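Pasted below: run20.csv, CSV, N, CA and C atoms.
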```
chain,number,residue,atom,x,y,z
A,1,MET,N,115.2,107.5,86.8
A,1,MET,CA,114.6,107.8,88.1
A,1,MET,C,113.5,106.7,88.3
A,2,THR,N,113.5,106.1,89.5
A,2,THR,CA,112.5,105.1,89.8
A,2,THR,C,111.6,105.7,90.9
A,3,TYR,N,110.5,105.1,91.0
A,3,TYR,CA,109.6,105.4,92.2
A,3,TYR,C,109.1,104.1,92.8
A,4,GLN,N,108.6,104.2,93.9
A,4,GLN,CA,108.2,103.0,94.7
A,4,GLN,C,106.9,102.4,94.1
A,5,THR,N,107.0,101.1,93.8
A,5,THR,CA,105.8,100.4,93.3
A,5,THR,C,105.2,99.5,94.2
A,6,LYS,N,105.9,99.1,95.3
A,6,LYS,CA,105.3,98.2,96.3
A,6,LYS,C,104.4,99.0,97.3
A,7,SER,N,103.8,98.2,98.1
A,7,SER,CA,102.9,98.8,99.1
A,7,SER,C,103.7,99.8,100.0
A,8,TRP,N,103.3,101.0,100.1
A,8,TRP,CA,104.1,102.0,100.8
A,8,TRP,C,104.0,101.8,102.3
A,9,GLY,N,102.9,101.2,102.8
A,9,GLY,CA,102.7,101.0,104.2
A,9,GLY,C,103.8,100.1,104.8
A,10,SER,N,104.4,99.3,104.1
A,10,SER,CA,105.4,98.4,104.6
A,10,SER,C,106.7,99.1,105.0
A,11,ASN,N,106.8,100.4,104.6
A,11,ASN,CA,108.0,101.1,104.9
A,11,ASN,C,107.9,101.8,106.2
A,12,PHE,N,106.8,101.8,106.9
A,12,PHE,CA,106.7,102.5,108.2
A,12,PHE,C,107.5,101.8,109.2
A,13,PRO,N,108.1,102.7,110.2
A,13,PRO,CA,108.8,102.1,111.3
A,13,PRO,C,107.9,101.2,112.1
A,14,THR,N,108.5,100.3,112.7
A,14,THR,CA,107.7,99.3,113.5
A,14,THR,C,107.9,99.4,115.0
A,15,THR,N,108.5,100.5,115.5
A,15,THR,CA,108.7,100.6,116.9
A,15,THR,C,107.3,100.8,117.6
A,16,SER,N,107.1,100.1,118.6
A,16,SER,CA,105.7,100.1,119.2
A,16,SER,C,105.4,101.4,119.9
A,17,SER,N,106.4,102.2,120.3
A,17,SER,CA,106.2,103.5,120.9
A,17,SER,C,105.8,104.6,119.9
A,18,SER,N,106.0,104.3,118.7
A,18,SER,CA,105.7,105.3,117.6
A,18,SER,C,104.3,105.3,117.2
A,19,THR,N,103.7,106.5,116.9
A,19,THR,CA,102.4,106.5,116.4
A,19,THR,C,102.4,106.4,114.9
A,20,THR,N,103.6,106.4,114.3
A,20,THR,CA,103.6,106.4,112.8
A,20,THR,C,103.1,105.1,112.2
A,21,ASN,N,103.1,104.0,113.0
A,21,ASN,CA,102.6,102.8,112.5
A,21,ASN,C,101.2,102.4,112.9
A,22,ASP,N,100.5,103.4,113.4
A,22,ASP,CA,99.1,103.2,113.8
A,22,ASP,C,98.3,102.7,112.5
A,23,PRO,N,97.8,101.5,112.6
A,23,PRO,CA,97.2,100.9,111.4
A,23,PRO,C,96.0,101.7,110.9
A,24,VAL,N,95.3,102.4,111.8
A,24,VAL,CA,94.1,103.2,111.4
A,24,VAL,C,94.6,104.4,110.5
A,25,ILE,N,95.7,105.0,111.0
A,25,ILE,CA,96.2,106.2,110.3
A,25,ILE,C,96.8,105.7,108.9
A,26,VAL,N,97.6,104.6,109.0
A,26,VAL,CA,98.2,104.1,107.7
A,26,VAL,C,97.1,103.8,106.7
A,27,GLU,N,96.1,103.1,107.2
A,27,GLU,CA,95.0,102.8,106.3
A,27,GLU,C,94.3,104.0,105.7
A,28,ARG,N,94.1,105.0,106.5
A,28,ARG,CA,93.5,106.3,106.1
A,28,ARG,C,94.3,107.0,105.0
A,29,ILE,N,95.6,107.0,105.3
A,29,ILE,CA,96.5,107.7,104.3
A,29,ILE,C,96.5,106.9,103.0
A,30,GLY,N,96.6,105.6,103.1
A,30,GLY,CA,96.5,104.7,101.9
A,30,GLY,C,95.2,104.9,101.1
A,31,ARG,N,94.1,105.0,101.8
A,31,ARG,CA,92.8,105.2,101.1
A,31,ARG,C,92.8,106.6,100.4
A,32,LEU,N,93.2,107.6,101.1
A,32,LEU,CA,93.2,108.9,100.5
A,32,LEU,C,94.2,109.0,99.3
A,33,ALA,N,95.3,108.4,99.5
A,33,ALA,CA,96.3,108.4,98.4
A,33,ALA,C,95.9,107.7,97.1
A,34,ALA,N,95.1,106.7,97.3
A,34,ALA,CA,94.6,105.9,96.2
A,34,ALA,C,93.3,106.4,95.5
A,35,ALA,N,92.7,107.4,96.2
A,35,ALA,CA,91.4,107.9,95.7
A,35,ALA,C,91.5,108.8,94.5
A,36,ASN,N,92.6,109.4,94.2
A,36,ASN,CA,92.8,110.4,93.1
A,36,ASN,C,94.1,110.1,92.4
A,37,ALA,N,94.2,110.7,91.2
A,37,ALA,CA,95.4,110.4,90.4
A,37,ALA,C,96.6,111.0,91.0
A,38,VAL,N,96.5,112.3,91.5
A,38,VAL,CA,97.7,112.9,92.2
A,38,VAL,C,97.2,113.4,93.5
A,39,VAL,N,97.9,113.0,94.6
A,39,VAL,CA,97.5,113.4,95.9
A,39,VAL,C,98.8,113.9,96.6
A,40,ILE,N,98.6,115.1,97.2
A,40,ILE,CA,99.7,115.8,97.9
A,40,ILE,C,99.3,116.0,99.4
A,41,PHE,N,100.1,115.4,100.3
A,41,PHE,CA,99.9,115.7,101.7
A,41,PHE,C,100.8,116.9,102.0
A,42,SER,N,100.2,118.0,102.5
A,42,SER,CA,100.9,119.2,102.6
A,42,SER,C,100.6,119.9,104.0
A,43,ILE,N,101.4,120.9,104.2
A,43,ILE,CA,101.2,121.9,105.3
A,43,ILE,C,101.0,123.2,104.7
A,44,SER,N,100.0,123.9,105.1
A,44,SER,CA,99.6,125.2,104.4
A,44,SER,C,100.6,126.3,104.5
A,45,THR,N,101.5,126.3,105.4
A,45,THR,CA,102.5,127.3,105.6
A,45,THR,C,103.9,126.9,105.1
A,46,CYS,N,104.0,125.7,104.5
A,46,CYS,CA,105.2,125.2,104.0
A,46,CYS,C,105.6,125.7,102.6
A,47,SER,N,106.7,126.3,102.5
A,47,SER,CA,107.1,126.9,101.2
A,47,SER,C,107.4,125.7,100.1
A,48,MET,N,108.0,124.6,100.6
A,48,MET,CA,108.3,123.5,99.7
A,48,MET,C,107.0,122.9,99.2
A,49,CYS,N,106.0,122.8,100.1
A,49,CYS,CA,104.7,122.3,99.7
A,49,CYS,C,104.1,123.2,98.7
A,50,HIS,N,104.2,124.5,98.8
A,50,HIS,CA,103.6,125.4,97.9
A,50,HIS,C,104.3,125.2,96.5
A,51,ALA,N,105.6,125.0,96.5
A,51,ALA,CA,106.4,124.9,95.3
A,51,ALA,C,105.9,123.6,94.5
A,52,VAL,N,105.7,122.5,95.2
A,52,VAL,CA,105.3,121.3,94.6
A,52,VAL,C,103.8,121.4,94.0
A,53,LYS,N,103.0,122.0,94.8
A,53,LYS,CA,101.6,122.3,94.3
A,53,LYS,C,101.6,123.1,93.1
A,54,LYS,N,102.4,124.2,93.1
A,54,LYS,CA,102.5,125.1,92.0
A,54,LYS,C,103.1,124.4,90.7
A,55,LEU,N,104.1,123.5,90.9
A,55,LEU,CA,104.6,122.7,89.8
A,55,LEU,C,103.5,121.9,89.1
A,56,PHE,N,102.7,121.2,89.9
A,56,PHE,CA,101.7,120.4,89.3
A,56,PHE,C,100.6,121.2,88.6
A,57,ARG,N,100.2,122.3,89.2
A,57,ARG,CA,99.2,123.2,88.6
A,57,ARG,C,99.7,123.8,87.4
A,58,ASN,N,101.0,124.2,87.3
A,58,ASN,CA,101.6,124.8,86.1
A,58,ASN,C,101.7,123.8,85.0
A,59,MET,N,101.7,122.5,85.3
A,59,MET,CA,101.7,121.5,84.3
A,59,MET,C,100.3,121.1,83.8
A,60,GLY,N,99.3,121.7,84.4
A,60,GLY,CA,97.9,121.4,84.0
A,60,GLY,C,97.3,120.3,84.8
A,61,VAL,N,97.9,119.9,85.9
A,61,VAL,CA,97.4,118.8,86.8
A,61,VAL,C,96.7,119.5,87.9
A,62,ASN,N,95.6,118.9,88.3
A,62,ASN,CA,94.8,119.4,89.4
A,62,ASN,C,94.9,118.4,90.5
A,63,PRO,N,95.9,118.5,91.4
A,63,PRO,CA,96.1,117.5,92.4
A,63,PRO,C,95.1,117.7,93.5
A,64,THR,N,94.8,116.6,94.2
A,64,THR,CA,94.1,116.6,95.4
A,64,THR,C,95.0,116.9,96.5
A,65,VAL,N,94.8,118.0,97.3
A,65,VAL,CA,95.7,118.4,98.3
A,65,VAL,C,95.0,118.3,99.7
A,66,TYR,N,95.7,117.6,100.6
A,66,TYR,CA,95.3,117.5,102.0
A,66,TYR,C,96.2,118.3,102.8
A,67,GLU,N,95.7,119.5,103.3
A,67,GLU,CA,96.5,120.4,104.2
A,67,GLU,C,96.4,119.8,105.6
A,68,LEU,N,97.4,119.1,106.0
A,68,LEU,CA,97.3,118.4,107.3
A,68,LEU,C,97.1,119.3,108.5
A,69,ASP,N,97.6,120.5,108.4
A,69,ASP,CA,97.4,121.4,109.6
A,69,ASP,C,96.0,122.0,109.6
A,70,GLU,N,95.2,121.8,108.6
A,70,GLU,CA,93.9,122.3,108.5
A,70,GLU,C,92.8,121.2,108.6
A,71,ASP,N,93.2,120.0,109.0
A,71,ASP,CA,92.3,118.9,109.1
A,71,ASP,C,91.3,119.1,110.2
A,72,PRO,N,90.0,119.2,109.9
A,72,PRO,CA,89.0,119.5,111.0
A,72,PRO,C,88.8,118.3,111.9
A,73,ASN,N,89.2,117.1,111.5
A,73,ASN,CA,89.1,116.0,112.4
A,73,ASN,C,90.3,115.8,113.3
A,74,ARG,N,91.2,116.7,113.2
A,74,ARG,CA,92.4,116.7,114.1
A,74,ARG,C,93.3,115.5,113.9
A,75,SER,N,93.1,114.7,112.9
A,75,SER,CA,94.0,113.6,112.6
A,75,SER,C,95.1,113.9,111.7
A,76,GLY,N,95.1,115.2,111.2
A,76,GLY,CA,96.2,115.6,110.3
A,76,GLY,C,97.5,115.6,111.0
A,77,ARG,N,97.6,115.9,112.2
A,77,ARG,CA,98.9,115.8,113.0
A,77,ARG,C,99.4,114.4,113.0
A,78,GLU,N,98.5,113.4,113.2
A,78,GLU,CA,98.9,112.0,113.3
A,78,GLU,C,99.4,111.6,111.9
A,79,MET,N,98.7,112.0,110.8
A,79,MET,CA,99.1,111.7,109.5
A,79,MET,C,100.4,112.3,109.2
A,80,GLU,N,100.6,113.5,109.6
A,80,GLU,CA,101.9,114.2,109.4
A,80,GLU,C,103.0,113.4,110.0
A,81,ARG,N,102.9,113.0,111.2
A,81,ARG,CA,103.9,112.2,111.9
A,81,ARG,C,104.2,110.9,111.1
A,82,ALA,N,103.1,110.2,110.7
A,82,ALA,CA,103.2,109.0,109.9
A,82,ALA,C,104.0,109.2,108.6
A,83,LEU,N,103.6,110.2,107.9
A,83,LEU,CA,104.3,110.5,106.6
A,83,LEU,C,105.8,110.9,106.8
A,84,ILE,N,106.0,111.7,107.9
A,84,ILE,CA,107.4,112.1,108.1
A,84,ILE,C,108.2,110.8,108.5
A,85,GLY,N,107.6,109.9,109.3
A,85,GLY,CA,108.2,108.6,109.6
A,85,GLY,C,108.5,107.8,108.4
A,86,LEU,N,107.7,108.0,107.4
A,86,LEU,CA,107.9,107.2,106.1
A,86,LEU,C,109.0,107.7,105.3
A,87,ILE,N,109.1,109.0,105.0
A,87,ILE,CA,110.1,109.5,104.1
A,87,ILE,C,110.9,110.7,104.7
A,88,GLY,N,110.5,111.2,105.9
A,88,GLY,CA,111.3,112.2,106.6
A,88,GLY,C,111.0,113.6,106.2
A,89,ALA,N,110.0,113.9,105.4
A,89,ALA,CA,109.7,115.3,105.0
A,89,ALA,C,108.2,115.4,104.6
A,90,ILE,N,107.8,116.6,104.6
A,90,ILE,CA,106.5,117.0,104.0
A,90,ILE,C,106.8,118.0,102.9
A,91,PRO,N,106.3,118.1,101.8
A,91,PRO,CA,105.1,117.3,101.3
A,91,PRO,C,105.4,115.9,100.9
A,92,VAL,N,104.4,115.1,100.8
A,92,VAL,CA,104.5,113.7,100.4
A,92,VAL,C,103.5,113.6,99.2
A,93,VAL,N,104.0,113.1,98.1
A,93,VAL,CA,103.2,113.1,96.8
A,93,VAL,C,103.0,111.6,96.4
A,94,PHE,N,101.8,111.3,96.1
A,94,PHE,CA,101.4,110.0,95.5
A,94,PHE,C,100.9,110.3,94.1
A,95,ILE,N,101.3,109.5,93.2
A,95,ILE,CA,100.7,109.5,91.8
A,95,ILE,C,100.2,108.1,91.4
A,96,GLY,N,99.0,108.1,91.1
A,96,GLY,CA,98.4,106.8,90.7
A,96,GLY,C,98.4,105.8,91.9
A,97,GLY,N,98.2,106.4,93.1
A,97,GLY,CA,98.2,105.6,94.3
A,97,GLY,C,99.6,105.1,94.8
A,98,LYS,N,100.6,105.5,94.1
A,98,LYS,CA,102.0,105.0,94.4
A,98,LYS,C,102.8,106.2,95.0
A,99,LEU,N,103.6,105.9,96.0
A,99,LEU,CA,104.4,106.9,96.6
A,99,LEU,C,105.5,107.3,95.6
A,100,VAL,N,105.5,108.7,95.4
A,100,VAL,CA,106.6,109.2,94.6
A,100,VAL,C,107.7,109.8,95.6
A,101,GLY,N,107.2,110.5,96.6
A,101,GLY,CA,108.2,111.0,97.6
A,101,GLY,C,107.9,112.5,98.0
A,102,ASP,N,109.0,113.1,98.4
A,102,ASP,CA,108.9,114.5,98.9
A,102,ASP,C,109.3,115.4,97.7
A,103,THR,N,109.6,116.7,98.0
A,103,THR,CA,109.9,117.7,97.0
A,103,THR,C,111.1,117.2,96.2
A,104,ASP,N,112.2,116.8,96.8
A,104,ASP,CA,113.4,116.4,96.1
A,104,ASP,C,113.1,115.3,95.1
A,105,ARG,N,112.3,114.3,95.4
A,105,ARG,CA,112.0,113.2,94.5
A,105,ARG,C,111.1,113.7,93.4
A,106,VAL,N,110.1,114.5,93.7
A,106,VAL,CA,109.3,115.1,92.6
A,106,VAL,C,110.1,115.9,91.7
A,107,MET,N,110.9,116.8,92.2
A,107,MET,CA,111.7,117.6,91.3
A,107,MET,C,112.7,116.8,90.5
A,108,ALA,N,113.3,115.8,91.1
A,108,ALA,CA,114.2,114.9,90.4
A,108,ALA,C,113.5,114.2,89.2
A,109,CYS,N,112.3,113.7,89.5
A,109,CYS,CA,111.5,113.1,88.4
A,109,CYS,C,111.2,114.1,87.3
A,110,HIS,N,110.8,115.3,87.7
A,110,HIS,CA,110.5,116.4,86.7
A,110,HIS,C,111.7,116.7,85.8
A,111,ILE,N,112.9,116.9,86.5
A,111,ILE,CA,114.1,117.2,85.7
A,111,ILE,C,114.5,116.0,84.8
A,112,SER,N,114.4,114.8,85.3
A,112,SER,CA,114.8,113.7,84.5
A,112,SER,C,113.8,113.3,83.4
A,113,GLY,N,112.7,113.9,83.4
A,113,GLY,CA,111.7,113.6,82.4
A,113,GLY,C,110.8,112.4,82.7
A,114,THR,N,110.8,111.9,83.9
A,114,THR,CA,109.9,110.8,84.3
A,114,THR,C,108.6,111.2,84.9
A,115,LEU,N,108.5,112.4,85.3
A,115,LEU,CA,107.2,112.9,85.9
A,115,LEU,C,106.0,112.9,85.0
A,116,VAL,N,106.2,113.4,83.8
A,116,VAL,CA,105.1,113.4,82.8
A,116,VAL,C,104.6,112.0,82.5
A,117,PRO,N,105.4,111.0,82.2
A,117,PRO,CA,104.9,109.7,82.0
A,117,PRO,C,104.1,109.1,83.2
A,118,LEU,N,104.6,109.4,84.4
A,118,LEU,CA,103.9,109.0,85.6
A,118,LEU,C,102.5,109.6,85.6
A,119,LEU,N,102.4,110.9,85.3
A,119,LEU,CA,101.1,111.6,85.4
A,119,LEU,C,100.2,111.1,84.3
A,120,LYS,N,100.8,110.8,83.1
A,120,LYS,CA,99.9,110.2,82.0
A,120,LYS,C,99.4,108.9,82.4
A,121,ASP,N,100.3,108.0,82.9
A,121,ASP,CA,99.9,106.7,83.3
A,121,ASP,C,98.8,106.7,84.4
A,122,ALA,N,98.8,107.7,85.2
A,122,ALA,CA,97.8,107.8,86.3
A,122,ALA,C,96.5,108.5,85.8
A,123,GLY,N,96.5,109.0,84.6
A,123,GLY,CA,95.4,109.7,84.1
A,123,GLY,C,95.2,111.2,84.5
A,124,ALA,N,96.3,111.7,85.0
A,124,ALA,CA,96.3,113.1,85.5
A,124,ALA,C,96.7,114.1,84.4
A,125,LEU,N,97.2,113.6,83.3
A,125,LEU,CA,97.7,114.5,82.3
A,125,LEU,C,97.4,113.9,81.0
A,126,TRP,N,96.9,114.7,80.0
A,126,TRP,CA,96.5,114.1,78.7
A,126,TRP,C,97.3,114.7,77.6
A,127,LEU,N,98.5,115.1,77.8
A,127,LEU,CA,99.3,115.7,76.7
A,127,LEU,C,99.8,114.7,75.7
```
Rewritten as structure tokens:
Amino acid sequence: MTYQTKSWGSNFPTTSSSTTNDPVIVERIGRLAAANAVVIFSISTCSMCHAVKKLFRNMGVNPTVYELDEDPNRSGREMERALIGLIGAIPVVFIGGKLVGDTDRVMACHISGTLVPLLKDAGALWL
């Protein structure tokens, strides 16, 4: 299993009518994603988001979670659109500032045994 190691912002759609490539939103997501070892962009009522958060917590990882639907600055909706434009689904997980992906990618990494090394490399797990 591999994960993305290049700049994730370059994967955004480039259509001018789309808000997913708003440089301010892209820069904010990048800044938030790089600020902690494990970052999850989530929706509070999403069952798949809950499953991913629970997976990390059960592994002893304390992820930083941004509930996009609860953003008091109301930019959560714009970030949600940008992230969905990036990979097509929420939640979106970053480990060590690098995009891992959505629930499917995280679970695939977990099953294949590559998730723990990613977490160790990011300093999120000390086993």
Give me the residues within 10 Å of range 37-49 of chain A as JSON, numbers by chain, counting only C-alpha atoms and dropping any in the same chain fewer than 2 places off. {"A": [29, 32, 33, 34, 35, 51, 52, 53, 54, 55, 56, 61, 62, 63, 64, 65, 66, 67, 68, 69, 70, 76, 79, 80, 83, 89, 90, 91, 92, 93, 94, 95, 96, 97, 98, 99, 100, 101, 102, 103, 104, 118, 119, 120, 121, 122, 123, 124, 125]}
Export N, CA and C atoms of the chosen residues as a tab-separated table (two decimals), in the frame of the given file?
```tsv
chain	number	residue	atom	x	y	z
A	29	ILE	N	95.60	107.00	105.30
A	29	ILE	CA	96.50	107.70	104.30
A	29	ILE	C	96.50	106.90	103.00
A	32	LEU	N	93.20	107.60	101.10
A	32	LEU	CA	93.20	108.90	100.50
A	32	LEU	C	94.20	109.00	99.30
A	33	ALA	N	95.30	108.40	99.50
A	33	ALA	CA	96.30	108.40	98.40
A	33	ALA	C	95.90	107.70	97.10
A	34	ALA	N	95.10	106.70	97.30
A	34	ALA	CA	94.60	105.90	96.20
A	34	ALA	C	93.30	106.40	95.50
A	35	ALA	N	92.70	107.40	96.20
A	35	ALA	CA	91.40	107.90	95.70
A	35	ALA	C	91.50	108.80	94.50
A	51	ALA	N	105.60	125.00	96.50
A	51	ALA	CA	106.40	124.90	95.30
A	51	ALA	C	105.90	123.60	94.50
A	52	VAL	N	105.70	122.50	95.20
A	52	VAL	CA	105.30	121.30	94.60
A	52	VAL	C	103.80	121.40	94.00
A	53	LYS	N	103.00	122.00	94.80
A	53	LYS	CA	101.60	122.30	94.30
A	53	LYS	C	101.60	123.10	93.10
A	54	LYS	N	102.40	124.20	93.10
A	54	LYS	CA	102.50	125.10	92.00
A	54	LYS	C	103.10	124.40	90.70
A	55	LEU	N	104.10	123.50	90.90
A	55	LEU	CA	104.60	122.70	89.80
A	55	LEU	C	103.50	121.90	89.10
A	56	PHE	N	102.70	121.20	89.90
A	56	PHE	CA	101.70	120.40	89.30
A	56	PHE	C	100.60	121.20	88.60
A	61	VAL	N	97.90	119.90	85.90
A	61	VAL	CA	97.40	118.80	86.80
A	61	VAL	C	96.70	119.50	87.90
A	62	ASN	N	95.60	118.90	88.30
A	62	ASN	CA	94.80	119.40	89.40
A	62	ASN	C	94.90	118.40	90.50
A	63	PRO	N	95.90	118.50	91.40
A	63	PRO	CA	96.10	117.50	92.40
A	63	PRO	C	95.10	117.70	93.50
A	64	THR	N	94.80	116.60	94.20
A	64	THR	CA	94.10	116.60	95.40
A	64	THR	C	95.00	116.90	96.50
A	65	VAL	N	94.80	118.00	97.30
A	65	VAL	CA	95.70	118.40	98.30
A	65	VAL	C	95.00	118.30	99.70
A	66	TYR	N	95.70	117.60	100.60
A	66	TYR	CA	95.30	117.50	102.00
A	66	TYR	C	96.20	118.30	102.80
A	67	GLU	N	95.70	119.50	103.30
A	67	GLU	CA	96.50	120.40	104.20
A	67	GLU	C	96.40	119.80	105.60
A	68	LEU	N	97.40	119.10	106.00
A	68	LEU	CA	97.30	118.40	107.30
A	68	LEU	C	97.10	119.30	108.50
A	69	ASP	N	97.60	120.50	108.40
A	69	ASP	CA	97.40	121.40	109.60
A	69	ASP	C	96.00	122.00	109.60
A	70	GLU	N	95.20	121.80	108.60
A	70	GLU	CA	93.90	122.30	108.50
A	70	GLU	C	92.80	121.20	108.60
A	76	GLY	N	95.10	115.20	111.20
A	76	GLY	CA	96.20	115.60	110.30
A	76	GLY	C	97.50	115.60	111.00
A	79	MET	N	98.70	112.00	110.80
A	79	MET	CA	99.10	111.70	109.50
A	79	MET	C	100.40	112.30	109.20
A	80	GLU	N	100.60	113.50	109.60
A	80	GLU	CA	101.90	114.20	109.40
A	80	GLU	C	103.00	113.40	110.00
A	83	LEU	N	103.60	110.20	107.90
A	83	LEU	CA	104.30	110.50	106.60
A	83	LEU	C	105.80	110.90	106.80
A	89	ALA	N	110.00	113.90	105.40
A	89	ALA	CA	109.70	115.30	105.00
A	89	ALA	C	108.20	115.40	104.60
A	90	ILE	N	107.80	116.60	104.60
A	90	ILE	CA	106.50	117.00	104.00
A	90	ILE	C	106.80	118.00	102.90
A	91	PRO	N	106.30	118.10	101.80
A	91	PRO	CA	105.10	117.30	101.30
A	91	PRO	C	105.40	115.90	100.90
A	92	VAL	N	104.40	115.10	100.80
A	92	VAL	CA	104.50	113.70	100.40
A	92	VAL	C	103.50	113.60	99.20
A	93	VAL	N	104.00	113.10	98.10
A	93	VAL	CA	103.20	113.10	96.80
A	93	VAL	C	103.00	111.60	96.40
A	94	PHE	N	101.80	111.30	96.10
A	94	PHE	CA	101.40	110.00	95.50
A	94	PHE	C	100.90	110.30	94.10
A	95	ILE	N	101.30	109.50	93.20
A	95	ILE	CA	100.70	109.50	91.80
A	95	ILE	C	100.20	108.10	91.40
A	96	GLY	N	99.00	108.10	91.10
A	96	GLY	CA	98.40	106.80	90.70
A	96	GLY	C	98.40	105.80	91.90
A	97	GLY	N	98.20	106.40	93.10
A	97	GLY	CA	98.20	105.60	94.30
A	97	GLY	C	99.60	105.10	94.80
A	98	LYS	N	100.60	105.50	94.10
A	98	LYS	CA	102.00	105.00	94.40
A	98	LYS	C	102.80	106.20	95.00
A	99	LEU	N	103.60	105.90	96.00
A	99	LEU	CA	104.40	106.90	96.60
A	99	LEU	C	105.50	107.30	95.60
A	100	VAL	N	105.50	108.70	95.40
A	100	VAL	CA	106.60	109.20	94.60
A	100	VAL	C	107.70	109.80	95.60
A	101	GLY	N	107.20	110.50	96.60
A	101	GLY	CA	108.20	111.00	97.60
A	101	GLY	C	107.90	112.50	98.00
A	102	ASP	N	109.00	113.10	98.40
A	102	ASP	CA	108.90	114.50	98.90
A	102	ASP	C	109.30	115.40	97.70
A	103	THR	N	109.60	116.70	98.00
A	103	THR	CA	109.90	117.70	97.00
A	103	THR	C	111.10	117.20	96.20
A	104	ASP	N	112.20	116.80	96.80
A	104	ASP	CA	113.40	116.40	96.10
A	104	ASP	C	113.10	115.30	95.10
A	118	LEU	N	104.60	109.40	84.40
A	118	LEU	CA	103.90	109.00	85.60
A	118	LEU	C	102.50	109.60	85.60
A	119	LEU	N	102.40	110.90	85.30
A	119	LEU	CA	101.10	111.60	85.40
A	119	LEU	C	100.20	111.10	84.30
A	120	LYS	N	100.80	110.80	83.10
A	120	LYS	CA	99.90	110.20	82.00
A	120	LYS	C	99.40	108.90	82.40
A	121	ASP	N	100.30	108.00	82.90
A	121	ASP	CA	99.90	106.70	83.30
A	121	ASP	C	98.80	106.70	84.40
A	122	ALA	N	98.80	107.70	85.20
A	122	ALA	CA	97.80	107.80	86.30
A	122	ALA	C	96.50	108.50	85.80
A	123	GLY	N	96.50	109.00	84.60
A	123	GLY	CA	95.40	109.70	84.10
A	123	GLY	C	95.20	111.20	84.50
A	124	ALA	N	96.30	111.70	85.00
A	124	ALA	CA	96.30	113.10	85.50
A	124	ALA	C	96.70	114.10	84.40
A	125	LEU	N	97.20	113.60	83.30
A	125	LEU	CA	97.70	114.50	82.30
A	125	LEU	C	97.40	113.90	81.00
```
Write out as a PyMOL selection string the set of residues from range 10-81 of chain A that DSSP, computed on the backbone, places in helix (DSSP H, G or I). chain A and resi 10-11+19-21+23-34+47-58+68-70+76-81
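CA of Pro23 in chain A to CA of Glu78 in chain A spans 11.4 Å [interatomic distance, one decimal].
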Work out how far apart CA of Ile87 in chain A and CA of Arg105 in chain A are and give it in Å to one decimal.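 Straight-line distance from CA of Ile87 in chain A to CA of Arg105 in chain A works out to 10.5 Å.
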From range 18-89 of chain A, collect each residue whose DSSP state is strand (DSSP E) and return the set as a PyMOL selection string. chain A and resi 38-42+64-67
Range 54-64 of chain A rebuilt with N, CA, C and O atoms, output as a PDB file, in the coordinates of the input:
```
ATOM      1  N   LYS A  54     102.400 124.200  93.100  1.00  0.00           N
ATOM      2  CA  LYS A  54     102.500 125.100  92.000  1.00  0.00           C
ATOM      3  C   LYS A  54     103.100 124.400  90.700  1.00  0.00           C
ATOM      4  O   LYS A  54     102.605 124.575  89.602  1.00  0.00           O
ATOM      5  N   LEU A  55     104.100 123.500  90.900  1.00  0.00           N
ATOM      6  CA  LEU A  55     104.600 122.700  89.800  1.00  0.00           C
ATOM      7  C   LEU A  55     103.500 121.900  89.100  1.00  0.00           C
ATOM      8  O   LEU A  55     103.361 122.005  87.877  1.00  0.00           O
ATOM      9  N   PHE A  56     102.700 121.200  89.900  1.00  0.00           N
ATOM     10  CA  PHE A  56     101.700 120.400  89.300  1.00  0.00           C
ATOM     11  C   PHE A  56     100.600 121.200  88.600  1.00  0.00           C
ATOM     12  O   PHE A  56     100.199 120.946  87.485  1.00  0.00           O
ATOM     13  N   ARG A  57     100.200 122.300  89.200  1.00  0.00           N
ATOM     14  CA  ARG A  57      99.200 123.200  88.600  1.00  0.00           C
ATOM     15  C   ARG A  57      99.700 123.800  87.400  1.00  0.00           C
ATOM     16  O   ARG A  57      98.950 123.969  86.400  1.00  0.00           O
ATOM     17  N   ASN A  58     101.000 124.200  87.300  1.00  0.00           N
ATOM     18  CA  ASN A  58     101.600 124.800  86.100  1.00  0.00           C
ATOM     19  C   ASN A  58     101.700 123.800  85.000  1.00  0.00           C
ATOM     20  O   ASN A  58     101.711 124.194  83.826  1.00  0.00           O
ATOM     21  N   MET A  59     101.700 122.500  85.300  1.00  0.00           N
ATOM     22  CA  MET A  59     101.700 121.500  84.300  1.00  0.00           C
ATOM     23  C   MET A  59     100.300 121.100  83.800  1.00  0.00           C
ATOM     24  O   MET A  59     100.177 120.304  82.918  1.00  0.00           O
ATOM     25  N   GLY A  60      99.300 121.700  84.400  1.00  0.00           N
ATOM     26  CA  GLY A  60      97.900 121.400  84.000  1.00  0.00           C
ATOM     27  C   GLY A  60      97.300 120.300  84.800  1.00  0.00           C
ATOM     28  O   GLY A  60      96.262 119.782  84.432  1.00  0.00           O
ATOM     29  N   VAL A  61      97.900 119.900  85.900  1.00  0.00           N
ATOM     30  CA  VAL A  61      97.400 118.800  86.800  1.00  0.00           C
ATOM     31  C   VAL A  61      96.700 119.500  87.900  1.00  0.00           C
ATOM     32  O   VAL A  61      97.127 120.473  88.485  1.00  0.00           O
ATOM     33  N   ASN A  62      95.600 118.900  88.300  1.00  0.00           N
ATOM     34  CA  ASN A  62      94.800 119.400  89.400  1.00  0.00           C
ATOM     35  C   ASN A  62      94.900 118.400  90.500  1.00  0.00           C
ATOM     36  O   ASN A  62      94.081 117.447  90.647  1.00  0.00           O
ATOM     37  N   PRO A  63      95.900 118.500  91.400  1.00  0.00           N
ATOM     38  CA  PRO A  63      96.100 117.500  92.400  1.00  0.00           C
ATOM     39  C   PRO A  63      95.100 117.700  93.500  1.00  0.00           C
ATOM     40  O   PRO A  63      94.559 118.737  93.785  1.00  0.00           O
ATOM     41  N   THR A  64      94.800 116.600  94.200  1.00  0.00           N
ATOM     42  CA  THR A  64      94.100 116.600  95.400  1.00  0.00           C
ATOM     43  C   THR A  64      95.000 116.900  96.500  1.00  0.00           C
ATOM     44  O   THR A  64      96.035 116.186  96.708  1.00  0.00           O
TER      45      THR A  64
END
```
